[in-house]
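Q: Quick one: the structure is below, questions incoming.
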Amino acid sequence: MKAFETGEYRNLFAECGILQEDIDRKLKRIVDTFFYGNEQERIFHPVGEDLGYLEDTGNHDARTEGMSYGMMFCVQLNMKEEFDRIWKWAKTYMFQKEGENEGYFAWSCMTNGRHNAEGPAPDGEEFFAMSLFFASHRWGDGEGIFNYSHEAQEILHAMVHKGSDGRDGAPMFNNENHYILFVPGSDYTDPSYHLPHFYELFALWAYEEDRPFFKEAACASREYLAKACHPVTGLNPEYGEFDGSPMSRPLRWTKFHHDYFYSDSYRTVANIALDYEWFGVNVGQVDAVRRQQEFILEKEKEDAIGIYTVDGTLIEKNVLHPVGLLATTAQGALATTGELQKTWVRRFWKMELRDGARRYYDNCLFLFAYLALSGRYRIW
């Protein structure tokens, strides 16, 4: 019996003997810093009377990734004012009403709302939709853009049907294998975009005609993740071919190897663990969590934390997001047991938010891990 059926979420900090008052106190400090700290600490920026955005502090822009993460944080923490500010900013500046990206959100904007790019990033749409459903259930639907459930259903419908519903553009899912795509219409995926725990809920709450698709997507994504995570190390690539192998084909906009375990890849183990906490389904993908936790512990002993190929070959000692890597690996404790689980929970408890220019991505992943390990990342 998992959380979806029982409504019970494990507080692994408390299970390790940490006092609830200390858990609550640290969470308050983290949230206060993340949302309302000084300019060298905060990620969230209120704008005027009813808008707000989250800044990627390393690139000085607002991204659908961070905006949708911010909405998820807010609904989990019962911060409705901040949720509505972020959502209204996204709908005002990011949402596209015409052209091939109609119904999608521009993935990167300047902090004044001007677009840096017109194309979307599907992980943003996934988190927008899930956050909106949770907001609907926690706070109730309002009017216009605050009719949260309707907005979520519209996003999901576009993700599945765009290009075949009379609108220009391409869908964000492959309609044959049910995989989420790296960008609409692409022929490869990003393992960290696969969120079977979200798809299970979309299969309950999307437009009725879209529900069977998402039920299939949940099954397909778990099977894909079992293939995409290496059988020894548990590591996964940033981008993957549909057969689960690393996507090593050259891309026109970068020379970087997205077939490595790096950056985006860190989120996958956290997603697998949260899915297991919520739904308890294991088709092989959950085994990757233990393998990655053991791998990272061993590499720390060797002072060899860095960028790897998925088989564990060290490419270079340059982790752009060290806090994010360790936080997501720690969140994997939702799916492991025994001393390995306790080791990661205890070491994460000692960690703090990152400071400096690159704090955005790390601290988003840190806050997700803290909510999950304290039993506060819940289905609403």
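Just so we're on the same page: first chain in the structure tokens is A, next is B, and so on; residues restart at 1 for each chain, and ligands are numbered from 1 in the order they show up.
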For Gly48 of chain A, please output as a list in words all residues within 12 Å (counting only C-alpha atoms; exclusion window: fewer than 2 positions along the same chain).

A: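 Non-adjacent residues within range: His45, Pro46, Asp50, Leu51, Gly52, Tyr53, Arg85, Ile86, Lys88 and Trp89 of chain A.
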
Q: Env of Val319 of chain A: 8 Å cut, atoms = only C-alpha atoms, seq-sep filter 5 positions within chain, self excluded. Answer as a count of residues only.

A: 4

Q: For Glu241 of chain A, list every protein, DNA or RNA residue within 10 Å, evaluated using only C-alpha atoms, and leave out those in the same chain fewer than 5 positions away; present the list as a count of residues only.

A: 12

Q: Using only C-alpha atoms, which protein or nucleic acid residues come within 9 Å of Tyr193 of chain A? Drop anything in the same chain fewer than 5 positions from it, and give the result as a list in words.

A: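 Once the nearby chain positions are removed, what remains is Pro122, Asp123, Glu126, Ile180, Leu181, Phe182, Asp264, Arg267, Thr268 and Asn271 of chain A.
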
Q: Please provide as a PyMOL selection string all residues within 9 Å of Phe295 of chain A, with the sequence filter that same-chain residues fewer than 6 positions apart are discarded (counting only C-alpha atoms).

A: chain A and resi 232-235+312

Q: List the neighbours of Gly66 of chain A out to 8 Å using only C-alpha atoms; skip same-chain residues closer than 5 positions along the sequence, and give me the result as a PDB file with N, CA and C atoms, in the first residue's frame.

A:
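File produced: around-v4.pdb:
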```pdb
ATOM      1  N   LEU A  54      10.488  33.252 -10.762  1.00  0.00           N
ATOM      2  CA  LEU A  54      11.688  32.645 -10.210  1.00  0.00           C
ATOM      3  C   LEU A  54      12.818  32.859 -11.205  1.00  0.00           C
ATOM      4  N   GLU A  55      13.968  33.285 -10.713  1.00  0.00           N
ATOM      5  CA  GLU A  55      15.099  33.595 -11.583  1.00  0.00           C
ATOM      6  C   GLU A  55      16.115  32.462 -11.597  1.00  0.00           C
ATOM      7  N   ASP A  56      16.517  32.073 -12.797  1.00  0.00           N
ATOM      8  CA  ASP A  56      17.700  31.244 -12.938  1.00  0.00           C
ATOM      9  C   ASP A  56      18.882  32.182 -12.705  1.00  0.00           C
ATOM     10  N   GLY A 124       8.479  21.732 -18.230  1.00  0.00           N
ATOM     11  CA  GLY A 124       7.737  22.847 -17.663  1.00  0.00           C
ATOM     12  C   GLY A 124       6.242  22.636 -17.746  1.00  0.00           C
ATOM     13  N   TYR A 361      19.297  26.160  -9.665  1.00  0.00           N
ATOM     14  CA  TYR A 361      18.946  24.765  -9.952  1.00  0.00           C
ATOM     15  C   TYR A 361      19.192  23.886  -8.731  1.00  0.00           C
ATOM     16  N   CYS A 364      16.494  24.502  -6.036  1.00  0.00           N
ATOM     17  CA  CYS A 364      15.205  23.909  -6.401  1.00  0.00           C
ATOM     18  C   CYS A 364      15.206  22.416  -6.089  1.00  0.00           C
TER      19      CYS A 364
END
```

Q: Identify which of the residues A:Leu353, A:Ala158, A:Ala152, A:Ile43 lies closest to Glu100 of chain A, counting only C-alpha atoms when measuring atom-to-atom distances.

A: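 Answer, going by the shortest atom-to-atom distance: A:Ala158.
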
Q: Which residues of segment 23-84 of chain A have any atom within 12 Å of an atom in segment 136-145 of chain A when counting only C-alpha atoms, and what is the closest pair of atoms for each, with the distance in Å to one decimal? Order the rows by chain and rising number and write it as a tab-separated table.

A:
```
residue	atom	partner	partner_atom	distance
A:Cys74	CA	A:Arg138	CA	11.2
A:Val75	CA	A:Arg138	CA	7.7
A:Gln76	CA	A:Arg138	CA	9.2
A:Leu77	CA	A:Arg138	CA	10.8
A:Asn78	CA	A:Arg138	CA	8.3
A:Met79	CA	A:Trp139	CA	10.3
A:Lys80	CA	A:Trp139	CA	8.0
A:Glu81	CA	A:Trp139	CA	11.2
A:Phe83	CA	A:Trp139	CA	11.0
A:Asp84	CA	A:Ile145	CA	9.4
```

Q: What are the DSSP helix (DSSP H, G or I) residues of segment 209-293 of chain A, as a ChimeraX atom specification?

A: /A:209-228,263-279,287-293

Q: What does the structure give for the distance between atom CA of Ala206 of chain A and atom CA of Gln96 of chain A, in Å to one decimal?

A: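 Answer for the atom CA of Ala206 of chain A to atom CA of Gln96 of chain A separation: 20.8 Å.
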
Q: Between A:Gly185, A:Glu300, A:Tyr179, A:Ala90, which is the closest to Gly163 of chain A once you count only C-alpha atoms?

A: A:Gly185

Q: Using DSSP on the backbone coordinates, identify all residues within segment 123-314 of chain A classified as strand (DSSP E or B); present the result as a VMD selection string.

A: chain A and resid 173 180 189 240 246 251 254 261 307 to 308 314
